[in-house]
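Below is the file structure27.csv, which contains CSV, C-alpha atoms and all ligand atoms.
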chain,number,residue,atom,x,y,z
T,267,MET,CA,-0.8,-11.7,-8.4
T,268,GLU,CA,-3.8,-9.8,-7.2
T,269,VAL,CA,-6.7,-10.0,-9.7
T,270,VAL,CA,-9.4,-7.3,-9.4
T,271,ILE,CA,-12.6,-7.8,-11.4
T,272,MET,CA,-14.7,-4.7,-12.0
T,273,ALA,CA,-18.1,-4.5,-13.7
T,274,ASP,CA,-16.9,-2.4,-16.6
T,275,SER,CA,-14.0,-0.6,-18.1
T,276,HIS,CA,-14.8,2.6,-16.1
T,277,GLY,CA,-14.4,0.6,-12.9
T,278,VAL,CA,-11.1,-0.7,-14.1
T,279,ASP,CA,-9.9,2.9,-14.8
T,280,VAL,CA,-11.0,4.1,-11.3
T,281,VAL,CA,-9.3,1.3,-9.4
T,282,ALA,CA,-6.2,1.6,-11.5
T,283,ALA,CA,-6.0,5.3,-11.0
T,284,SER,CA,-6.3,5.0,-7.3
T,285,ARG,CA,-3.5,2.5,-7.3
T,286,VAL,CA,-1.3,4.9,-9.3
T,287,ALA,CA,-2.3,7.8,-7.0
T,288,ASP,CA,-1.4,5.8,-3.9
T,289,ILE,CA,2.1,5.1,-5.2
T,290,VAL,CA,2.7,8.7,-6.5
T,291,ALA,CA,1.6,10.1,-3.1
T,292,THR,CA,4.3,8.1,-1.3
T,293,LYS,CA,7.3,9.3,-3.4
T,294,ASP,CA,8.9,12.7,-3.8
T,295,SER,CA,9.9,12.0,-7.4
T,296,PRO,CA,8.0,9.0,-8.6
T,297,VAL,CA,9.0,7.1,-11.7
T,298,LEU,CA,6.2,5.7,-13.8
T,299,GLY,CA,6.4,3.2,-16.6
T,300,VAL,CA,3.7,4.1,-19.2
T,301,ALA,CA,2.0,1.9,-21.7
T,302,THR,CA,0.3,3.3,-24.8
T,303,GLY,CA,-2.5,1.7,-26.8
T,304,SER,CA,-6.2,1.9,-25.9
T,305,SER,CA,-6.2,0.1,-22.5
T,306,PRO,CA,-4.7,2.7,-20.3
T,307,GLN,CA,-6.4,5.8,-21.9
T,308,GLY,CA,-9.3,5.8,-19.4
T,309,LEU,CA,-6.8,5.4,-16.5
T,310,TYR,CA,-4.9,8.4,-17.8
T,311,ARG,CA,-8.1,10.4,-18.0
T,312,GLN,CA,-9.0,9.5,-14.4
T,313,LEU,CA,-5.5,10.7,-13.4
T,314,GLN,CA,-6.0,13.9,-15.3
T,315,GLY,CA,-9.2,14.5,-13.3
T,316,MET,CA,-7.2,13.9,-10.0
T,317,VAL,CA,-4.5,16.4,-11.2
T,318,GLY,CA,-7.2,18.9,-12.0
T,319,ALA,CA,-8.7,18.4,-8.5
T,320,ARG,CA,-5.1,18.9,-7.0
T,321,GLU,CA,-5.3,15.4,-5.5
T,322,ILE,CA,-2.0,14.4,-7.1
T,323,ALA,CA,0.8,16.1,-9.2
T,324,PHE,CA,3.3,14.7,-11.7
T,325,SER,CA,5.4,17.9,-11.9
T,326,ASP,CA,8.3,16.1,-10.2
T,327,ALA,CA,7.6,12.7,-11.7
T,328,THR,CA,9.5,10.9,-14.4
T,329,ALA,CA,8.0,8.6,-17.1
T,330,PHE,CA,9.5,5.9,-19.3
T,331,ALA,CA,7.4,4.6,-22.2
T,332,LEU,CA,7.3,0.9,-22.7
T,333,ASP,CA,8.1,0.8,-26.3
T,334,GLU,CA,8.3,2.7,-29.6
T,335,TYR,CA,8.0,1.8,-33.3
T,336,VAL,CA,11.2,1.7,-35.3
T,337,GLY,CA,11.0,3.5,-38.7
T,338,LEU,CA,8.1,5.7,-37.9
T,339,PRO,CA,8.8,9.5,-37.8
T,340,GLU,CA,8.6,10.8,-34.2
T,341,SER,CA,6.0,13.4,-35.4
T,342,HIS,CA,3.6,10.7,-36.8
T,343,PRO,CA,0.4,10.7,-34.8
T,344,ALA,CA,0.7,6.9,-34.1
T,345,SER,CA,4.3,7.2,-32.8
T,346,TYR,CA,4.4,6.4,-29.1
T,347,ALA,CA,6.3,9.6,-28.7
T,348,SER,CA,3.2,11.5,-30.0
T,349,VAL,CA,0.8,9.3,-28.0
T,350,VAL,CA,2.7,9.7,-24.7
T,351,ALA,CA,3.0,13.5,-25.3
T,352,GLU,CA,-0.8,13.8,-25.9
T,353,THR,CA,-2.1,11.4,-23.3
T,354,VAL,CA,0.5,11.5,-20.5
T,355,THR,CA,3.0,14.4,-20.6
T,356,GLN,CA,0.6,17.3,-21.4
T,357,PRO,CA,-2.6,16.3,-19.6
T,358,LEU,CA,-0.9,15.0,-16.5
T,359,GLY,CA,1.6,17.9,-16.3
T,360,PHE,CA,4.9,16.0,-16.5
T,361,ALA,CA,8.0,18.1,-17.4
T,362,ALA,CA,8.7,17.2,-21.0
T,363,GLU,CA,12.4,16.6,-20.3
T,364,ASN,CA,11.4,13.9,-17.7
T,365,VAL,CA,9.5,11.8,-20.2
T,366,HIS,CA,11.5,9.2,-22.0
T,367,VAL,CA,10.7,7.2,-25.2
T,368,PRO,CA,13.1,4.8,-26.8
T,369,LEU,CA,13.5,6.9,-30.0
T,370,VAL,CA,16.0,5.9,-32.6
T,371,ARG,CA,16.7,9.4,-34.0
T,372,GLY,CA,19.4,8.2,-36.4
T,373,ASP,CA,21.3,6.2,-33.7
T,374,PRO,CA,21.8,2.4,-34.1
T,375,PRO,CA,18.6,0.9,-32.6
T,376,ASP,CA,20.6,-1.6,-30.5
T,377,LYS,CA,22.5,1.2,-28.8
T,378,VAL,CA,19.3,3.2,-28.2
T,379,ALA,CA,17.9,0.1,-26.5
T,380,ALA,CA,20.9,-0.6,-24.3
T,381,ARG,CA,21.0,3.1,-23.3
T,382,TYR,CA,17.3,3.0,-22.4
T,383,ASP,CA,17.9,0.3,-19.7
T,384,THR,CA,20.7,2.4,-18.3
T,385,ALA,CA,18.5,5.5,-18.2
T,386,ILE,CA,15.9,3.6,-16.3
T,387,ALA,CA,18.5,2.4,-13.8
T,388,ARG,CA,19.9,5.9,-13.4
T,389,ALA,CA,16.5,7.3,-12.6
T,390,GLY,CA,16.3,4.8,-9.7
T,391,GLY,CA,14.2,2.2,-11.4
T,392,VAL,CA,10.4,2.3,-12.1
T,393,ASP,CA,8.1,2.6,-9.1
T,394,LEU,CA,5.0,1.7,-10.9
T,395,GLN,CA,4.7,0.1,-14.4
T,396,VAL,CA,1.3,0.5,-16.2
T,397,LEU,CA,0.7,-2.3,-18.7
T,398,GLY,CA,-1.9,-3.4,-21.2
T,399,ILE,CA,-1.9,-6.9,-22.7
T,400,GLY,CA,-2.0,-7.9,-26.3
T,401,ALA,CA,-4.6,-10.5,-27.5
T,402,ASN,CA,-1.6,-12.8,-28.1
T,403,GLY,CA,-0.4,-12.3,-24.5
T,404,HIS,CA,2.3,-9.8,-25.2
T,405,ILE,CA,3.3,-7.1,-22.7
T,406,GLY,CA,5.2,-4.2,-24.1
T,407,PHE,CA,6.0,-5.6,-27.6
T,408,ASN,CA,7.5,-8.8,-26.1
T,409,GLU,CA,5.8,-11.1,-28.6
T,410,PRO,CA,5.3,-14.8,-27.9
T,411,THR,CA,8.6,-16.7,-27.5
T,412,SER,CA,10.3,-13.6,-26.1
T,413,SER,CA,12.9,-14.5,-23.6
T,414,LEU,CA,11.7,-14.2,-20.0
T,415,ALA,CA,15.1,-12.7,-19.3
T,416,SER,CA,15.0,-10.2,-22.1
T,417,ARG,CA,16.2,-6.6,-21.8
T,418,THR,CA,15.2,-3.6,-23.8
T,419,ARG,CA,15.9,-4.4,-27.4
T,420,VAL,CA,14.7,-4.4,-31.0
T,421,LYS,CA,11.9,-6.8,-31.8
T,422,THR,CA,10.0,-7.8,-34.9
T,423,LEU,CA,6.2,-7.3,-34.5
T,424,SER,CA,4.0,-10.3,-35.0
T,425,ALA,CA,1.4,-10.4,-37.7
T,426,GLN,CA,-1.3,-10.3,-35.0
T,427,THR,CA,0.1,-7.2,-33.4
T,428,ARG,CA,0.4,-5.4,-36.7
T,429,HIS,CA,-3.2,-6.4,-37.5
T,430,ASP,CA,-4.4,-5.3,-34.1
T,431,ASN,CA,-2.6,-2.0,-34.3
T,432,ALA,CA,-3.6,-1.2,-37.9
T,433,ARG,CA,-6.5,0.8,-36.5
T,434,PHE,CA,-4.1,3.6,-35.6
T,435,PHE,CA,-2.7,3.8,-39.2
T,436,ALA,CA,-4.2,4.9,-42.6
T,437,SER,CA,-3.6,1.3,-44.0
T,438,PRO,CA,-2.4,-2.0,-42.5
T,439,GLU,CA,0.8,-1.8,-44.6
T,440,ASP,CA,1.7,1.4,-42.8
T,441,VAL,CA,2.2,-0.4,-39.4
T,442,PRO,CA,5.9,-0.7,-38.8
T,443,THR,CA,7.5,-4.1,-38.7
T,444,HIS,CA,9.9,-3.4,-35.9
T,445,CYS,CA,10.0,-1.7,-32.5
T,446,ILE,CA,12.1,-1.1,-29.5
T,447,THR,CA,10.5,-2.6,-26.4
T,448,GLN,CA,11.5,-2.9,-22.7
T,449,GLY,CA,12.3,-6.5,-22.2
T,450,LEU,CA,10.4,-8.8,-19.8
T,451,ALA,CA,13.2,-8.7,-17.3
T,452,THR,CA,13.3,-4.9,-17.5
T,453,ILE,CA,9.5,-4.8,-16.9
T,454,LEU,CA,9.9,-7.1,-13.9
T,455,GLU,CA,12.3,-4.7,-12.2
T,456,ALA,CA,9.5,-2.2,-11.7
T,457,ARG,CA,8.7,-2.2,-8.0
T,458,SER,CA,4.9,-2.5,-8.6
T,459,ILE,CA,3.0,-3.4,-11.8
T,460,VAL,CA,-0.6,-2.7,-12.7
T,461,LEU,CA,-2.0,-4.3,-15.8
T,462,VAL,CA,-5.4,-3.2,-17.1
T,463,ALA,CA,-7.6,-5.0,-19.7
T,464,SER,CA,-11.2,-4.7,-20.8
T,465,GLY,CA,-13.3,-6.5,-23.3
T,466,ALA,CA,-13.8,-10.1,-24.5
T,467,ALA,CA,-10.9,-9.9,-27.0
T,468,LYS,CA,-8.5,-9.9,-24.0
T,469,ALA,CA,-10.2,-12.8,-22.1
T,470,ALA,CA,-8.1,-15.6,-23.4
T,471,ALA,CA,-4.8,-13.7,-23.0
T,472,VAL,CA,-5.8,-12.7,-19.4
T,473,ALA,CA,-6.7,-16.3,-18.4
T,474,ALA,CA,-3.5,-17.6,-19.9
T,475,ALA,CA,-1.4,-15.0,-18.2
T,476,VAL,CA,-2.9,-15.4,-14.8
T,477,GLU,CA,-3.8,-19.1,-14.6
T,478,GLY,CA,-1.8,-20.7,-17.4
T,479,PRO,CA,1.8,-22.0,-17.1
T,480,LEU,CA,4.7,-19.7,-17.0
T,481,THR,CA,5.7,-19.8,-20.6
T,482,ALA,CA,7.4,-17.6,-23.2
T,483,MET,CA,4.4,-18.4,-25.5
T,484,VAL,CA,2.4,-16.1,-23.2
T,485,PRO,CA,4.9,-13.4,-22.2
T,486,ALA,CA,2.5,-11.8,-19.7
T,487,SER,CA,2.6,-15.0,-17.7
T,488,VAL,CA,6.0,-13.8,-16.4
T,489,LEU,CA,4.1,-11.4,-14.2
T,490,GLN,CA,3.3,-14.5,-12.0
T,491,THR,CA,6.9,-14.2,-10.8
T,492,HIS,CA,6.5,-10.5,-9.7
T,493,PRO,CA,5.8,-9.9,-6.0
T,494,ASP,CA,3.5,-6.9,-6.6
T,495,ALA,CA,1.5,-7.3,-9.8
T,496,THR,CA,-2.1,-6.3,-9.9
T,497,ILE,CA,-4.3,-7.4,-12.8
T,498,ILE,CA,-7.4,-5.1,-13.1
T,499,VAL,CA,-10.0,-6.4,-15.6
T,500,ASP,CA,-13.6,-5.9,-16.5
T,501,GLU,CA,-16.2,-8.7,-16.5
T,502,GLN,CA,-15.6,-9.4,-20.2
T,503,ALA,CA,-11.8,-9.7,-19.9
T,504,ALA,CA,-12.3,-11.9,-16.8
T,505,SER,CA,-14.8,-14.2,-18.5
T,506,ARG,CA,-12.3,-17.0,-19.0
T,507,LEU,CA,-10.8,-17.0,-15.6
T,508,GLN,CA,-11.5,-20.2,-13.8
T,509,LEU,CA,-11.0,-18.7,-10.3
T,510,ALA,CA,-13.0,-15.5,-10.9
T,511,GLU,CA,-15.2,-16.1,-7.8
T,512,TYR,CA,-12.1,-16.5,-5.6
T,513,TYR,CA,-10.6,-13.2,-6.9
T,514,ARG,CA,-13.9,-11.4,-6.2
T,515,TYR,CA,-14.0,-12.9,-2.7
T,516,THR,CA,-10.4,-12.0,-2.0
T,517,TYR,CA,-10.8,-8.4,-3.2
T,518,GLN,CA,-14.0,-8.0,-1.2
T,519,HIS,CA,-12.4,-9.3,2.0
T,520,LYS,CA,-9.0,-7.6,1.5
T,521,HIS,CA,-9.6,-4.8,4.0
T,522,ILE,CA,-10.9,-7.2,6.7
T,523,VAL,CA,-7.5,-8.9,7.1
T,524,GLN,CA,-5.4,-5.8,6.9
R,1,LIG,C1,1.6,-0.4,-25.6
R,1,LIG,C2,2.1,-1.8,-25.5
R,1,LIG,C3,1.2,-3.0,-25.8
R,1,LIG,C4,-0.3,-2.7,-25.5
R,1,LIG,C5,-1.1,-3.9,-26.0
R,1,LIG,C6,-2.6,-3.7,-25.8
R,1,LIG,O1,2.7,0.5,-25.2
R,1,LIG,O2,3.2,-2.0,-25.1
R,1,LIG,O3,1.6,-4.1,-25.0
R,1,LIG,O4,-0.5,-2.5,-24.2
R,1,LIG,O5,-0.8,-4.2,-27.3
R,1,LIG,O6,-3.0,-2.7,-26.7
R,1,LIG,P1,-4.4,-2.1,-26.5
R,1,LIG,O7,-4.5,-1.5,-25.2
R,1,LIG,O8,-4.5,-1.0,-27.6
R,1,LIG,O9,-5.4,-3.2,-26.7

Can I see the file as structure tokens?
Amino acid sequence: MEVVIMADSHGVDVVAASRVADIVATKDSPVLGVATGSSPQGLYRQLQGMVGAREIAFSDATAFALDEYVGLPESHPASYASVVAETVTQPLGFAAENVHVPLVRGDPPDKVAARYDTAIARAGGVDLQVLGIGANGHIGFNEPTSSLASRTRVKTLSAQTRHDNARFFASPEDVPTHCITQGLATILEARSIVLVASGAAKAAAVAAAVEGPLTAMVPASVLQTHPDATIIVDEQAASRLQLAEYYRYTYQHKHIVQ
């Protein structure tokens, strides 16, 4: 894993956006995996600026959301369908028909989940997956003890995730109890992965994911097995990394050896 430590969350957004732009520039029809939540919002705004400056374009790109709540109307402002439409599809100029969210829409959730993996494969797989990380070490909604070999499926949200996401709902009881999430094995099939995290609340999860053992108790630790995973964090999110100095040194000297 490459670990990049920036002074603040703005630095995280800038480095992550340039990584996305590099990959988008090399593909005719890039396929992006997009996280929701707070972490990637600055990255998406950076990309919007680059689209406005005509440095990149997503008109021929496809996007797959990481996850969606089950039991929440698609039109609810906290549904990931709404969030992806507002923060990715519209501002970045994706064609709406190229943006996919695992929506139940009256179908059996298990079937929707299985079809989602098929749709990703039919699109040629994900070129770049953008991830955030939960304070409990989840990626997507793969909560602790998720199988490292899991595929897209229905999951029960942990109490901590429902608590953490209550800020997007009128009351904590309104947070759905279930979701459909890409599995850990699904996520690992992306050709490149960029995880962004800022703030002290993520420090323990980042340290466990990067430097702890590979364990289903910290689902993000599975990224240690990916050949092209970049973890971009601010100083606060990096504050519990034992090898922070080494990561800084490596990043500063990256271009010297290339
Ligand atoms: C979002 C997702 C989650 C979030 C994580 C961090 O689609 O799958 O894994 O990335 O919960 O959320 P924030 O960024 O809101 O702290």

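Using only C-alpha atoms, the nearest neighbour of Gly303 of chain T within the list T:Ser505, T:Asn431, T:Ser325, T:Thr496 is T:Asn431.
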
List every residue of chain T that has an atom at most 6 Å from any atom of ligand LIG 1 (chain R), giving for each one its closest atom pair and the distance in Å to one decimal, counting all atoms listed in the file, sorted by chain and then by ascending residue number, as CSV.
residue,atom,partner,partner_atom,distance
T:Ala301,CA,R:LIG1,O1,3.8
T:Thr302,CA,R:LIG1,O1,3.7
T:Gly303,CA,R:LIG1,O8,3.5
T:Ser304,CA,R:LIG1,O8,3.8
T:Ser305,CA,R:LIG1,O7,3.6
T:Leu332,CA,R:LIG1,O1,5.3
T:Asp333,CA,R:LIG1,O1,5.5
T:Leu397,CA,R:LIG1,O4,5.6
T:Gly398,CA,R:LIG1,O4,3.4
T:Ile399,CA,R:LIG1,C6,4.5
T:Gly400,CA,R:LIG1,O5,4.0
T:His404,CA,R:LIG1,O3,5.7
T:Ile405,CA,R:LIG1,O3,4.1
T:Gly406,CA,R:LIG1,O2,3.1
T:Phe407,CA,R:LIG1,O2,5.2

**Request:** In Å, rounded to a single decimal, give me how far atom CA of Ile497 of chain T is from atom CA of Val460 of chain T.
**Result:**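 We find that atom CA of Val460 of chain T and atom CA of Ile497 of chain T lie 6.0 Å from each other.
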
Write out as CSV the residues of segment 396-478 of chain T that have any atom within 12 Å of an atom of segment 292-298 of chain T, one row each with the nearest atom pair and its distance in Å to one decimal, counting only C-alpha atoms, sorted by chain and then rising number.
residue,atom,partner,partner_atom,distance
T:Val396,CA,T:Leu298,CA,7.5
T:Leu397,CA,T:Leu298,CA,10.9
T:Ile453,CA,T:Leu298,CA,11.4
T:Ala456,CA,T:Leu298,CA,8.8
T:Arg457,CA,T:Val297,CA,10.0
T:Ser458,CA,T:Leu298,CA,9.8
T:Ile459,CA,T:Leu298,CA,9.9
T:Val460,CA,T:Leu298,CA,10.9

Selected residues written out with C-alpha atoms, as a short mmCIF file (atom, residue, chain, number, x, y, z; two decimals), keeping the file's coordinate frame:
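Ended up saving to out.cif:
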data_model
loop_
_atom_site.label_atom_id
_atom_site.label_comp_id
_atom_site.auth_asym_id
_atom_site.auth_seq_id
_atom_site.Cartn_x
_atom_site.Cartn_y
_atom_site.Cartn_z
CA VAL T 396 1.30 0.50 -16.20
CA LEU T 397 0.70 -2.30 -18.70
CA ILE T 453 9.50 -4.80 -16.90
CA ALA T 456 9.50 -2.20 -11.70
CA ARG T 457 8.70 -2.20 -8.00
CA SER T 458 4.90 -2.50 -8.60
CA ILE T 459 3.00 -3.40 -11.80
CA VAL T 460 -0.60 -2.70 -12.70
#

**Request:** For segment 439-444 of chain T, please output as a PyMOL selection string all residues within 6 Å (counting all atoms listed in the file; exclusion window: fewer than 5 positions along the same chain).
**Result:** chain T and resi 336+421-423+428

**Fill in**
Using all atoms listed in the file, the shortest atom-to-atom distance to Leu338 of chain T among T:Leu313, T:Phe435, T:Asn402, T:Ser424 belongs to T:Phe435

**Prompt:** In Å, how far is it from atom CA of Gly403 of chain T to atom CA of Ser487 of chain T?
**Reply:**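 Separation of atom CA of Gly403 of chain T and atom CA of Ser487 of chain T: 7.9 Å.
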
**Request:** Would you work out the distance separating atom CA of Ala436 of chain T from atom CA of Ser345 of chain T, expressed in Å to one decimal?
**Result:**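 Distance reported for this atom pair: 13.2 Å.
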
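For the point (13.2, -9.7, -15.3), the residues with an atom at a distance of at most 6 Å are Ala415, Leu450, Ala451, Thr452, Leu454 and Glu455 of chain T, counting all atoms listed in the file.
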
Same residues, C-alpha atoms, output as a PDB file, in the frame of the given file:
ATOM      1  CA  ALA T 415      15.100 -12.700 -19.300  1.00  0.00           C
ATOM      2  CA  LEU T 450      10.400  -8.800 -19.800  1.00  0.00           C
ATOM      3  CA  ALA T 451      13.200  -8.700 -17.300  1.00  0.00           C
ATOM      4  CA  THR T 452      13.300  -4.900 -17.500  1.00  0.00           C
ATOM      5  CA  LEU T 454       9.900  -7.100 -13.900  1.00  0.00           C
ATOM      6  CA  GLU T 455      12.300  -4.700 -12.200  1.00  0.00           C
TER       7      GLU T 455
END

Residues within 10 Å of Ser284 of chain T, all atoms listed in the file, excluding chain neighbours under 4 positions, as a short mmCIF file (atom, residue, chain, number, x, y, z; two decimals) with C-alpha atoms, in the coordinates of the input:
data_model
loop_
_atom_site.label_atom_id
_atom_site.label_comp_id
_atom_site.auth_asym_id
_atom_site.auth_seq_id
_atom_site.Cartn_x
_atom_site.Cartn_y
_atom_site.Cartn_z
CA ASP T 279 -9.90 2.90 -14.80
CA VAL T 280 -11.00 4.10 -11.30
CA ASP T 288 -1.40 5.80 -3.90
CA ILE T 289 2.10 5.10 -5.20
CA VAL T 290 2.70 8.70 -6.50
CA LEU T 309 -6.80 5.40 -16.50
CA GLN T 312 -9.00 9.50 -14.40
CA LEU T 313 -5.50 10.70 -13.40
CA MET T 316 -7.20 13.90 -10.00
#

Complete segment 461-470 of chain T at the level of all heavy atoms, written as a compact mmCIF listing (two decimals), in the coordinates of the input.
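The resulting out09.txt:
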# COMPACT_ATOMS: atom_id res chain seq x y z
N LEU T 461 -1.62 -4.03 -14.45
CA LEU T 461 -2.00 -4.30 -15.80
C LEU T 461 -3.52 -4.13 -15.93
O LEU T 461 -4.28 -4.62 -15.07
CB LEU T 461 -1.64 -5.79 -16.16
CG LEU T 461 -1.92 -6.25 -17.59
CD1 LEU T 461 -0.90 -7.31 -18.03
CD2 LEU T 461 -3.33 -6.80 -17.79
N VAL T 462 -3.95 -3.38 -16.93
CA VAL T 462 -5.40 -3.20 -17.10
C VAL T 462 -5.83 -3.79 -18.45
O VAL T 462 -5.11 -3.73 -19.45
CB VAL T 462 -5.75 -1.64 -17.14
CG1 VAL T 462 -5.65 -1.06 -15.75
CG2 VAL T 462 -4.86 -0.84 -18.09
N ALA T 463 -7.02 -4.41 -18.43
CA ALA T 463 -7.60 -5.00 -19.70
C ALA T 463 -9.08 -5.01 -19.59
O ALA T 463 -9.66 -5.28 -18.53
CB ALA T 463 -7.06 -6.46 -19.80
N SER T 464 -9.70 -4.68 -20.70
CA SER T 464 -11.20 -4.70 -20.80
C SER T 464 -11.57 -5.32 -22.11
O SER T 464 -10.86 -5.24 -23.10
CB SER T 464 -11.70 -3.24 -20.77
OG SER T 464 -11.38 -2.63 -19.55
N GLY T 465 -12.73 -5.96 -22.10
CA GLY T 465 -13.30 -6.50 -23.30
C GLY T 465 -13.00 -7.95 -23.57
O GLY T 465 -11.96 -8.47 -23.14
N ALA T 466 -13.91 -8.61 -24.27
CA ALA T 466 -13.80 -10.10 -24.50
C ALA T 466 -12.59 -10.44 -25.32
O ALA T 466 -12.07 -11.56 -25.17
CB ALA T 466 -15.08 -10.53 -25.19
N ALA T 467 -12.11 -9.54 -26.15
CA ALA T 467 -10.90 -9.90 -27.00
C ALA T 467 -9.71 -10.16 -26.16
O ALA T 467 -8.75 -10.78 -26.64
CB ALA T 467 -10.67 -8.72 -27.97
N LYS T 468 -9.70 -9.72 -24.90
CA LYS T 468 -8.50 -9.90 -24.00
C LYS T 468 -8.71 -11.14 -23.10
O LYS T 468 -7.81 -11.47 -22.34
CB LYS T 468 -8.25 -8.68 -23.20
CG LYS T 468 -7.93 -7.43 -24.02
CD LYS T 468 -6.64 -7.59 -24.80
CE LYS T 468 -6.36 -6.45 -25.75
NZ LYS T 468 -6.02 -5.20 -25.11
N ALA T 469 -9.90 -11.76 -23.12
CA ALA T 469 -10.20 -12.80 -22.10
C ALA T 469 -9.26 -13.97 -22.15
O ALA T 469 -8.79 -14.43 -21.11
CB ALA T 469 -11.66 -13.26 -22.29
N ALA T 470 -8.94 -14.47 -23.33
CA ALA T 470 -8.10 -15.60 -23.40
C ALA T 470 -6.66 -15.29 -22.96
O ALA T 470 -6.02 -16.07 -22.22
CB ALA T 470 -8.04 -16.15 -24.86
